[in-house]
Each structure stands twice: as structure tokens, then as C-alpha cells.
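S.K.: Got a file for you: protein.txt, compact mmCIF, C-alpha atoms.
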# COMPACT_ATOMS: atom_id res chain seq x y z
CA MET A 1 41.66 135.27 65.43
CA ALA A 2 41.54 131.83 67.01
CA GLU A 3 39.53 130.59 64.07
CA ALA A 4 42.13 131.88 61.63
CA ALA A 5 44.90 130.21 63.60
CA GLN A 6 42.99 126.94 63.53
CA ALA A 7 42.43 127.24 59.79
CA ASP A 8 46.18 127.75 59.41
CA SER A 9 46.95 124.58 61.28
CA VAL A 10 44.62 122.48 59.13
CA ASP A 11 45.04 124.07 55.71
CA PRO A 12 47.80 121.99 54.10
CA ILE A 13 48.54 124.60 51.40
CA HIS A 14 49.11 127.47 53.79
CA GLN A 15 52.72 126.46 54.38
CA PHE A 16 53.58 127.38 50.79
CA ALA A 17 52.27 130.95 51.00
CA ILE A 18 54.78 133.61 50.05
CA ASN A 19 54.82 136.68 52.29
CA ASP A 20 56.72 139.90 51.82
CA ILE A 21 59.19 140.70 54.55
CA VAL A 22 60.59 143.94 53.15
CA THR A 23 59.10 145.75 50.15
CA PHE A 24 61.32 147.88 47.94
CA GLY A 25 58.60 149.46 45.82
CA GLU A 26 57.68 148.69 42.23
CA ILE A 27 59.53 148.42 38.94
CA GLY A 28 57.27 148.53 35.90
CA GLY A 29 54.23 147.43 37.90
CA VAL A 30 56.04 144.44 39.39
CA LYS A 31 56.47 144.54 43.11
CA ILE A 32 60.04 144.05 44.27
CA ALA A 33 60.12 142.50 47.72
CA PHE A 34 62.27 140.38 49.93
CA THR A 35 59.99 137.43 50.64
CA ASN A 36 60.13 134.49 53.01
CA SER A 37 61.20 132.39 50.01
CA ALA A 38 64.14 134.71 49.39
CA LEU A 39 64.97 134.67 53.09
CA PHE A 40 65.20 130.88 53.07
CA MET A 41 67.28 130.89 49.93
CA VAL A 42 69.70 133.20 51.71
CA ILE A 43 69.64 130.89 54.75
CA VAL A 44 70.33 127.85 52.55
CA VAL A 45 73.26 129.52 50.80
CA ALA A 46 74.65 130.81 54.09
CA LEU A 47 74.38 127.35 55.63
CA ILE A 48 76.12 125.69 52.70
CA ALA A 49 78.91 128.27 52.74
CA ALA A 50 79.29 127.98 56.51
CA PHE A 51 79.27 124.18 56.36
CA LEU A 52 81.92 123.97 53.66
CA LEU A 53 84.12 126.77 54.95
CA LEU A 54 84.07 125.80 58.62
CA THR A 55 84.49 122.07 58.10
CA THR A 56 87.42 122.44 55.72
CA SER A 57 89.17 125.22 57.66
CA GLY A 58 91.18 122.64 59.62
CA ARG A 59 92.69 121.24 56.42
CA GLY A 60 93.70 118.08 58.23
CA LEU A 61 95.55 115.49 56.18
CA VAL A 62 93.59 112.98 58.20
CA PRO A 63 90.15 114.56 58.04
CA SER A 64 88.04 115.10 61.13
CA ARG A 65 84.48 113.83 61.08
CA LEU A 66 83.01 117.09 59.83
CA GLN A 67 85.77 117.59 57.32
CA SER A 68 85.16 114.14 55.88
CA MET A 69 81.47 115.04 55.52
CA ALA A 70 82.45 117.95 53.29
CA GLU A 71 84.92 115.72 51.45
CA ILE A 72 82.32 113.03 50.92
CA SER A 73 79.91 115.50 49.37
CA TYR A 74 82.68 116.73 47.07
CA GLU A 75 83.70 113.20 46.08
CA PHE A 76 80.09 112.17 45.59
CA VAL A 77 79.35 114.91 43.07
CA ALA A 78 82.77 114.63 41.41
CA ASN A 79 82.36 110.89 40.85
CA MET A 80 78.82 111.33 39.59
CA LEU A 81 79.94 113.94 37.08
CA ARG A 82 83.03 111.98 35.99
CA GLU A 83 81.04 108.82 35.47
CA SER A 84 78.28 110.34 33.39
CA ALA A 85 80.08 113.12 31.50
CA GLY A 86 83.72 111.99 31.47
CA THR A 87 86.72 113.94 32.79
CA GLU A 88 85.89 116.71 30.35
CA GLY A 89 82.66 117.28 32.21
CA MET A 90 84.65 118.27 35.30
CA ARG A 91 84.74 121.86 34.06
CA PHE A 92 81.08 121.95 35.08
CA PHE A 93 81.85 120.71 38.56
CA PRO A 94 81.25 124.05 40.33
CA PHE A 95 77.88 124.35 38.59
CA VAL A 96 76.70 120.83 39.38
CA PHE A 97 78.02 120.94 42.94
CA SER A 98 76.25 124.24 43.62
CA LEU A 99 73.00 122.90 42.20
CA PHE A 100 73.23 119.67 44.19
CA MET A 101 74.06 121.38 47.47
CA PHE A 102 71.40 124.04 47.00
CA VAL A 103 68.66 121.54 46.24
CA LEU A 104 69.78 119.18 49.00
CA PHE A 105 69.98 121.88 51.67
CA ALA A 106 66.75 123.52 50.54
CA ASN A 107 64.96 120.17 50.76
CA LEU A 108 66.44 119.35 54.16
CA ILE A 109 65.82 122.82 55.63
CA GLY A 110 62.23 122.48 54.48
CA MET A 111 61.87 119.45 56.74
CA VAL A 112 62.23 121.62 59.86
CA PRO A 113 58.76 122.49 61.19
CA TYR A 114 57.57 126.04 60.35
CA PHE A 115 60.35 126.42 57.80
CA PHE A 116 59.65 127.29 54.20
CA THR A 117 60.59 124.81 51.48
CA VAL A 118 62.18 126.76 48.66
CA THR A 119 62.05 123.86 46.20
CA SER A 120 58.29 123.42 46.63
CA HIS A 121 57.69 126.31 44.21
CA ILE A 122 57.88 125.41 40.55
CA ILE A 123 59.29 128.79 39.56
CA ILE A 124 62.44 128.03 41.57
CA THR A 125 62.92 124.53 40.18
CA PHE A 126 62.00 125.66 36.69
CA ALA A 127 64.55 128.47 36.86
CA MET A 128 67.23 125.95 37.83
CA ALA A 129 66.14 123.51 35.13
CA MET A 130 66.19 126.27 32.50
CA THR A 131 69.69 127.24 33.61
CA VAL A 132 70.79 123.66 33.01
CA PHE A 133 68.92 123.51 29.70
CA LEU A 134 70.35 126.76 28.37
CA THR A 135 73.83 125.82 29.55
CA VAL A 136 73.57 122.59 27.57
CA ILE A 137 72.36 124.38 24.44
CA ILE A 138 74.83 127.27 24.57
CA TYR A 139 77.83 125.14 25.49
CA GLY A 140 76.81 122.46 23.00
CA PHE A 141 76.72 124.93 20.11
CA TRP A 142 79.83 126.75 21.29
CA ARG A 143 81.86 123.56 21.53
CA ASN A 144 80.49 121.49 18.64
CA GLY A 145 79.08 124.14 16.33
CA LEU A 146 76.32 122.72 14.18
CA GLY A 147 77.58 119.25 15.09
CA PHE A 148 75.49 119.66 18.22
CA LEU A 149 72.44 119.04 16.02
CA LYS A 150 73.66 115.45 15.59
CA LEU A 151 72.02 114.98 18.98
CA PHE A 152 68.67 114.99 17.19
CA VAL A 153 69.66 112.65 14.35
CA PRO A 154 70.17 109.07 15.47
CA GLN A 155 72.36 106.95 13.22
CA GLY A 156 71.00 104.21 11.01
CA VAL A 157 67.51 105.61 10.53
CA PRO A 158 66.01 105.23 7.01
CA GLY A 159 65.52 108.54 5.20
CA VAL A 160 61.75 108.27 5.06
CA LEU A 161 61.43 108.12 8.81
CA LEU A 162 64.03 110.79 9.50
CA PRO A 163 61.72 113.87 9.71
CA LEU A 164 59.44 112.06 12.12
CA ILE A 165 62.32 110.81 14.26
CA VAL A 166 63.95 114.23 14.37
CA ALA A 167 60.65 115.81 15.43
CA ILE A 168 60.28 113.25 18.21
CA GLU A 169 63.88 113.76 19.32
CA VAL A 170 63.44 117.53 19.42
CA LEU A 171 60.26 117.17 21.49
CA SER A 172 62.02 114.77 23.81
CA PHE A 173 64.83 117.31 24.20
CA LEU A 174 62.40 120.16 24.86
CA SER A 175 60.63 118.13 27.52
CA ARG A 176 63.77 117.92 29.64
CA PRO A 177 63.46 121.16 31.61
CA ILE A 178 59.79 120.38 32.25
CA SER A 179 60.41 116.90 33.61
CA LEU A 180 63.46 118.06 35.57
CA SER A 181 61.61 120.89 37.29
CA VAL A 182 58.23 119.22 37.73
CA ARG A 183 59.78 116.13 39.31
CA LEU A 184 61.53 118.04 42.08
CA PHE A 185 58.68 120.49 42.67
CA ALA A 186 55.95 117.82 42.68
CA ASN A 187 57.87 115.58 45.05
CA MET A 188 58.45 118.32 47.59
CA LEU A 189 54.94 119.76 47.29
CA ALA A 190 53.16 116.40 47.53
CA GLY A 191 55.39 115.22 50.37
CA HIS A 192 54.80 118.30 52.48
CA ILE A 193 51.07 118.32 51.83
CA THR A 194 50.80 114.64 52.81
CA LEU A 195 52.77 115.27 55.99
CA LYS A 196 50.59 118.23 56.89
CA VAL A 197 47.35 116.36 56.19
CA PHE A 198 48.32 113.40 58.35
CA ALA A 199 49.60 115.65 61.11
CA GLY A 200 46.33 117.59 60.86
CA PHE A 201 44.40 114.35 61.44
CA VAL A 202 46.18 113.96 64.76
CA ILE A 203 44.98 117.37 65.92
CA SER A 204 41.41 117.07 64.71
CA LEU A 205 41.00 113.50 66.02
CA SER A 206 42.37 114.32 69.46
CA ALA A 207 39.60 116.92 69.82
CA PHE A 208 37.07 114.04 70.17
CA GLY A 209 37.97 112.94 73.68
CA ALA A 210 39.47 109.62 74.71
CA ALA A 211 38.38 107.59 71.65
CA GLY A 212 39.73 110.24 69.33
CA PHE A 213 42.97 110.24 71.30
CA LEU A 214 43.37 106.51 70.71
CA GLY A 215 42.44 106.89 67.05
CA ALA A 216 45.03 109.63 66.63
CA VAL A 217 47.78 107.08 67.26
CA ILE A 218 47.48 105.77 63.70
CA PRO A 219 48.00 109.08 61.85
CA LEU A 220 50.73 109.95 64.33
CA ALA A 221 52.61 106.76 63.48
CA LEU A 222 52.09 107.47 59.80
CA THR A 223 53.40 111.00 60.25
CA VAL A 224 56.57 109.65 61.83
CA ALA A 225 57.01 107.15 59.00
CA LEU A 226 56.31 109.81 56.37
CA THR A 227 58.86 112.12 57.95
CA ALA A 228 61.51 109.45 57.49
CA LEU A 229 60.37 108.93 53.91
CA GLU A 230 60.51 112.66 53.28
CA PHE A 231 64.12 112.81 54.40
CA LEU A 232 64.87 110.04 51.92
CA VAL A 233 62.99 111.89 49.18
CA ALA A 234 64.83 115.12 50.03
CA PHE A 235 68.17 113.46 49.37
CA LEU A 236 66.96 111.35 46.46
CA GLN A 237 65.52 114.31 44.56
CA ALA A 238 68.70 116.32 44.98
CA TYR A 239 70.62 113.31 43.66
CA VAL A 240 68.28 112.81 40.71
CA PHE A 241 68.43 116.50 39.81
CA ALA A 242 72.22 116.43 39.89
CA ILE A 243 72.67 113.19 37.95
CA LEU A 244 70.25 114.26 35.23
CA THR A 245 72.14 117.55 34.97
CA CYS A 246 75.30 115.48 34.48
CA MET A 247 73.67 113.38 31.75
CA TYR A 248 72.40 116.46 29.92
CA LEU A 249 75.83 118.07 30.14
CA ASN A 250 77.25 114.87 28.65
CA ASP A 251 75.00 115.47 25.65
CA ALA A 252 76.47 118.94 25.25
CA ILE A 253 80.01 117.54 25.36
CA HIS A 254 79.44 114.39 23.27
CA PRO A 255 76.38 115.10 21.11
CA SER A 256 76.55 111.90 19.02
CA HIS A 257 74.34 109.10 20.21
CA MET B 1 80.18 70.86 49.14
CA GLU B 2 83.62 71.93 50.20
CA ASN B 3 82.74 71.56 53.85
CA ASP B 4 81.61 67.99 53.22
CA ARG B 5 84.79 67.08 51.45
CA ARG B 6 87.01 68.57 54.12
CA ALA B 7 85.12 66.83 56.93
CA ASP B 8 85.33 63.53 55.06
CA GLY B 9 89.02 63.94 54.29
CA ARG B 10 90.02 64.86 57.79
CA VAL B 11 88.10 62.09 59.46
CA PRO B 12 88.49 58.52 58.14
CA PRO B 13 85.15 56.70 58.43
CA ALA B 14 86.46 53.48 60.02
CA ALA B 15 88.58 54.45 63.04
CA GLY B 16 88.89 53.88 66.78
CA SER B 17 86.66 55.19 69.53
CA GLY B 18 88.83 58.35 69.94
CA SER B 19 88.33 59.46 66.37
CA LYS B 20 84.65 58.54 66.56
CA ALA B 21 84.17 61.55 68.84
CA ASP B 22 86.18 63.58 66.32
CA ALA B 23 83.92 62.47 63.51
CA ASP B 24 80.91 63.37 65.57
CA LEU B 25 82.36 66.81 66.28
CA ALA B 26 83.20 67.33 62.62
CA ARG B 27 79.69 66.32 61.59
CA ARG B 28 78.15 68.71 64.09
CA LEU B 29 80.47 71.55 63.05
CA ASP B 30 79.54 70.87 59.48
CA SER B 31 75.82 71.00 60.12
CA LEU B 32 76.29 74.17 62.18
CA SER B 33 78.18 75.92 59.43
CA ARG B 34 75.59 74.80 56.92
CA SER B 35 72.72 76.18 58.98
CA LEU B 36 74.67 79.38 59.57
CA ASP B 37 75.12 79.71 55.82
CA ALA B 38 71.45 79.16 55.25
CA GLU B 39 70.58 81.77 57.85
CA GLN B 40 72.95 84.28 56.32
CA ARG B 41 71.47 83.68 52.91
CA GLU B 42 68.04 84.27 54.39
CA HIS B 43 69.23 87.52 55.94
CA GLU B 44 70.64 88.68 52.65
CA ALA B 45 67.44 87.78 50.86
CA ALA B 46 65.47 89.75 53.44
CA ALA B 47 67.77 92.75 53.16
CA ALA B 48 67.84 92.87 49.35
CA PRO B 49 64.21 93.87 48.54
CA ARG B 50 64.36 96.90 50.85
CA ARG B 51 67.06 98.53 48.75
CA THR B 52 65.30 97.88 45.49
CA ASP B 53 62.08 99.26 47.00
CA THR B 54 63.50 102.76 47.46
CA ARG B 55 65.24 102.52 44.10
CA GLY B 56 62.04 101.42 42.42
CA PHE B 57 60.20 104.32 44.01
CA SER B 58 62.58 106.90 42.61
CA LEU B 59 62.73 105.11 39.27
CA GLY B 60 58.95 105.07 38.99
CA ILE B 61 58.64 108.78 39.69
CA ARG B 62 61.41 109.52 37.25
CA LEU B 63 59.89 107.53 34.42
CA ALA B 64 56.40 108.90 35.03
CA SER B 65 57.56 112.50 34.97
CA GLU B 66 59.63 111.93 31.83
CA PHE B 67 56.57 110.51 30.08
CA VAL B 68 54.16 113.23 31.17
CA ALA B 69 56.60 116.05 30.44
CA ALA B 70 56.96 115.09 26.78
CA ILE B 71 53.19 114.93 26.33
CA VAL B 72 52.75 118.32 28.02
CA VAL B 73 55.40 119.88 25.77
CA GLY B 74 53.80 118.32 22.70
CA ALA B 75 50.38 119.63 23.67
CA ALA B 76 51.78 123.10 24.42
CA ILE B 77 53.55 123.32 21.05
CA GLY B 78 50.49 122.06 19.22
CA TRP B 79 48.22 124.52 20.99
CA GLY B 80 50.59 127.41 20.33
CA LEU B 81 50.89 126.48 16.67
CA ASP B 82 47.10 126.29 16.34
CA LYS B 83 46.78 129.72 17.95
CA LEU B 84 49.33 131.24 15.58
CA ALA B 85 48.45 129.48 12.34
CA GLY B 86 44.74 128.92 12.95
CA THR B 87 44.97 125.22 12.13
CA THR B 88 42.80 124.09 15.04
CA PRO B 89 42.68 121.17 15.88
CA TRP B 90 45.31 119.58 13.64
CA GLY B 91 48.43 121.00 15.26
CA MET B 92 47.22 119.89 18.67
CA ILE B 93 46.43 116.39 17.42
CA GLY B 94 49.69 115.99 15.54
CA PHE B 95 51.94 117.32 18.26
CA LEU B 96 50.11 115.44 20.98
CA LEU B 97 50.85 112.23 19.09
CA LEU B 98 54.46 113.27 18.59
CA GLY B 99 54.67 114.15 22.28
CA PHE B 100 53.37 110.72 23.16
CA ALA B 101 56.05 109.12 21.00
CA ALA B 102 58.70 111.35 22.57
CA GLY B 103 57.42 110.35 26.02
CA VAL B 104 57.83 106.67 25.20
CA LEU B 105 61.31 107.44 23.87
CA ASN B 106 62.17 109.33 27.07
CA VAL B 107 61.01 106.45 29.24
CA MET B 108 62.92 103.87 27.21
CA ARG B 109 66.06 105.96 27.22
CA SER B 110 66.10 106.74 30.93
CA ALA B 111 65.24 103.14 31.84
CA GLU B 112 68.16 102.03 29.72
CA LYS B 113 70.45 104.57 31.38
CA MET B 114 69.36 103.51 34.83
CA ALA B 115 70.05 99.89 33.92
CA THR B 116 73.56 100.60 32.65
CA ILE B 117 74.37 102.66 35.73
CA GLU B 118 73.14 99.95 38.04
CA THR B 119 74.93 97.06 36.37
CA LYS B 120 78.35 98.67 35.91
CA PRO B 121 78.84 101.55 38.29
CA ASP B 122 82.62 101.78 37.87
CA THR B 123 82.78 102.40 34.12
CA GLY B 124 81.41 105.64 32.76
CA PRO B 125 78.73 105.40 30.08
CA ASP B 126 80.99 107.30 27.70
CA GLU B 127 79.46 105.93 24.53
CA ASP B 128 81.14 107.29 21.44
Have the structure of the file written as C-alpha cells, please.

M.R.:
Amino acid sequence: MAEAAQADSVDPIHQFAINDIVTFGEIGGVKIAFTNSALFMVIVVALIAAFLLLTTSGRGLVPSRLQSMAEISYEFVANMLRESAGTEGMRFFPFVFSLFMFVLFANLIGMVPYFFTVTSHIIITFAMAMTVFLTVIIYGFWRNGLGFLKLFVPQGVPGVLLPLIVAIEVLSFLSRPISLSVRLFANMLAGHITLKVFAGFVISLSAFGAAGFLGAVIPLALTVALTALEFLVAFLQAYVFAILTCMYLNDAIHPSH
Amino acid sequence: MENDRRADGRVPPAAGSGSKADADLARRLDSLSRSLDAEQREHEAAAAPRRTDTRGFSLGIRLASEFVAAIVVGAAIGWGLDKLAGTTPWGMIGFLLLGFAAGVLNVMRSAEKMATIETKPDTGPDED
């Protein structure tokens, strides 16, 4: 029992394990369960809703501190979307704002010790990236018809090269959901593993008496520094996810290069 | 430059003993403001690289993932095509090369976009 607990504290992957909390039986051989991942998604959504509803309930003309936090996050996403997709892109504001807030809160909640990081699983980030990707394709065709295919045909290319260029453009387009999802997932996964490994060094070194205690100062300092870096990465990745979503939506609205 | 001119203009060089103290004061004020300027410039120079460091970090990760993703997609399509059509290894080779080209294109494009966003943040890149 003690051995298992120790293995838990050192194994850097263990924090990503998915455990069932409530099982609802099976549908077609696939187990349906409420997992810790789902629990944290619910927590993230509840936190976002509580944050936005409670801070804006005052509706002050001169915002309080908390209200201006909510307003800043609104303005931030609105400006980002307006700058990269034009005012027409604002119809996607609810979508982009939800994505940004979900990723940001999921990343930040994951920074709390013993909490699960939802965005450290590629299936979550890939699902979000595919939602963006399919939204771009469906809206692009719905709005521009076949004109959406102009996205793959750059202007001023000689006819001989055109098939090659179109193939490259299509591949580049298809790679978007991959790069979008892998970037977020890899950042969160690698960051949390690094943190855990360095924090694990502190524990294992301090088991070696006084000298080990002194030696443990270095990984401890690194853990503190990495924690700060991880907070930066948590915000940065949410921002990058949102701004790339905006750029892709811009392609759906204005498909010409 | 401007400080020099103002100090010179306010204080005539050949004057009595009273304005000699003034000239001295002006000279010292001038040198103080110049050293303050220099210090501020140093501070700014020290503060600037920090911001670009974090930006460079995110930019590097972005570009790397764009590049790798295109190659992975190319390889996956090539492999799938080979499986379906039995053209092993030509589909894999061809699409891997195409994926590589698409990766370079991705990197170029996102670097360009990052550059336009950084240089003119107030105007939208609404290129039509």
C-alpha cells in the first residue's frame, strides 16, 4: 500500500489517469461513465458561468474590479476576433469566447495540485479542433458555395504548377486540426510532466539525509520557476488556440487569398 | 542636443560672477539629465528582450507544430492510400514530400501572419 502510494508520487504520468466515478453501464460494448475528466469539465464550465454571472450581476456603469475582469476578457476576445476576421466574424463571438474561456480555465484549474488537467488529453483538444475545422468548412461552403474552394487556389500561379500547389494547399488545410490540437495537448502534457519530475526530485533527494536536503534546493527552485512558466503557458496556449480559430474563421468568411 | 542648445541659449558664456554660478548649475543639470536619459535607455534595453523571449517561445512552438502536423497528415494520407490502392511505397513517398512542402508553407504563412500582427496591431489583416 505504502509502496503503491510512493509509486504514485514519483510516476509523472499517473496524474493523467482517467478514473470512473459513476458508471452507467454499456452501450454497444462501450462503457458509459462519468469520469474524473468529465467532472473537471463540469467544474470548469461551472466556474466560468459563476465567474461571468456573478461579476456582471452588479451591472455597474463604473465597473467594480471583478466586473472589469469579466469585461476585459470579453473585450480581449472581441478585439482579437474583430482584428483577424473583421466585423463579420463577430457572429462567431459566442463560439470563440466559449472556446477561449474553456481552454483558459481548464489550463488554469489544472495548475492546482491534485487537480486533473482536462486539456492534457488529446481527445479533448482534438474534439475542439475538429469542431473549429468543421465549422470553417461547413460555414465556408454555406456562405461562399464553391467559391470556398478558391482558398486552395492561390492567384498568379502558372497552370503547370497548379495541381501541385493545390495538393500542397489542401494538405496544409488538412493539417490545421492536427497542429491546433497537438500544440495545446503537448504543451499541457509536457509542462505537467516536467513539473512532476522536478517536484519528484525534491522528494527523492530529501530521502538522502542532510546532503540530499541541500541538493533538493535546486529542483525546488526549478519547480517554483516552472510553475510560473506553466501559468504563462496556460494563458498563452488558450490565446493561441483562440487566435488561430479566429484566423481559420476568417478563411471561411473571406476565402480568397 | 536640445538640452545643449537650451542651456547655451539661457546662459551667455561671458557674464558676471552671479551668472557664472547659473552656468555651472545649468551645466550640472544638463549632465544629470543626460545621464538620466542614458540610464532610462539602458532600462528599456534591459526590459525589451524579456518580452520577446516569451513571444519567441510561443512562436517557436507554434511554427514547429505547424511544420510537424503537415508532415504527419501527409504521411497518414500516403499510408492510407497505399493500404487502399496497394501502391506501396509510392503513395507514402509522394505524400510525405507533399506534406513536407505543405509544412514549409504553413511555417512561412504563420510567420508572416505573426509579423503583420506584431507590426500593426490596430489594423485588421483583412486582405481582400

S.K.: Could you name the residues that touch range 87-100 of chain B at 12 Å or less, counting only C-alpha atoms, but leaving out those on the same chain fewer than 3 positions away, as a ChimeraX atom specification?

M.R.: /A:163-175 /B:66-84,103-107

S.K.: Between CA of Phe115 in chain A and CA of Asn19 in chain A, what is the spacing in Å?

M.R.: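 Atom-to-atom, CA of Asn19 in chain A and CA of Phe115 in chain A are spaced 12.9 Å apart.
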
S.K.: Report as a tab-separated table the residues of chain A within 10 Å of chain B, each with its shortest atom pair and distance in Å (one decimal), using all atoms listed in the file, ordered by chain and increasing residue number.

M.R.:
residue	atom	partner	partner_atom	distance
A:Asn79	CA	B:Asp122	CA	9.6
A:Met80	CA	B:Gly124	CA	9.3
A:Leu81	CA	B:Gly124	CA	9.5
A:Arg82	CA	B:Gly124	CA	7.3
A:Glu83	CA	B:Gly124	CA	4.2
A:Ser84	CA	B:Gly124	CA	5.7
A:Ala85	CA	B:Asp126	CA	7.0
A:Gly86	CA	B:Asp126	CA	6.6
A:Thr87	CA	B:Gly124	CA	9.9
A:Leu164	CA	B:Leu98	CA	8.3
A:Ile165	CA	B:Ala102	CA	9.1
A:Ala167	CA	B:Leu98	CA	7.4
A:Ile168	CA	B:Ala102	CA	5.0
A:Glu169	CA	B:Ala102	CA	6.6
A:Val170	CA	B:Ala102	CA	8.4
A:Leu171	CA	B:Ala102	CA	6.1
A:Ser172	CA	B:Ala102	CA	4.9
A:Phe173	CA	B:Ala70	CA	8.6
A:Leu174	CA	B:Val73	CA	7.1
A:Ser175	CA	B:Ala70	CA	4.8
A:Arg176	CA	B:Ala69	CA	7.5
A:Pro177	CA	B:Ala69	CA	8.6
A:Ile178	CA	B:Ala69	CA	5.7
A:Ser179	CA	B:Ala69	CA	5.0
A:Leu180	CA	B:Ser65	CA	8.1
A:Ser181	CA	B:Ser65	CA	9.6
A:Val182	CA	B:Ser65	CA	7.3
A:Arg183	CA	B:Ser65	CA	6.1
A:Leu184	CA	B:Arg62	CA	9.8
A:Ala186	CA	B:Ser65	CA	9.5
A:Asn187	CA	B:Ile61	CA	8.7
A:Leu229	CA	B:Thr54	CA	9.5
A:Leu232	CA	B:Thr54	CA	8.6
A:Val233	CA	B:Ser58	CA	8.3
A:Leu236	CA	B:Ser58	CA	7.3
A:Gln237	CA	B:Ser58	CA	8.2
A:Val240	CA	B:Arg62	CA	8.4
A:Leu244	CA	B:Ser110	CA	9.6
A:Met247	CA	B:Lys113	CA	9.4
A:Asn250	CA	B:Asp126	CA	8.5
A:His254	CA	B:Asp128	CA	7.5
A:Pro255	CA	B:Asp128	CA	9.2
A:Ser256	CA	B:Asp128	CA	6.9
A:His257	CA	B:Asp128	CA	7.1

S.K.: Choose the residue, out of A:Ile123, A:Pro12, A:Leu47, A:Phe241, that has the smallest atom-to-atom separation from Gly191 in chain A; count all atoms listed in the file.

M.R.: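 The answer is A:Pro12, which sits nearest to Gly191 in chain A.
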
S.K.: Of the residues A:Leu249, A:Ile243, A:Val30, A:Leu162, which is the one nearest to Val77 in chain A, using only C-alpha atoms?

M.R.: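 Among A:Leu249, A:Ile243, A:Val30, A:Leu162, it is A:Ile243 that comes nearest to Val77 in chain A.
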
S.K.: Rank A:Leu189, A:Phe235, A:Leu66, A:Phe201 by their smallest atom-to-atom distance to Phe16 in chain A, using only C-alpha atoms, and report the top residue only.

M.R.: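 For Phe16 in chain A, the nearest of the candidates is A:Leu189.
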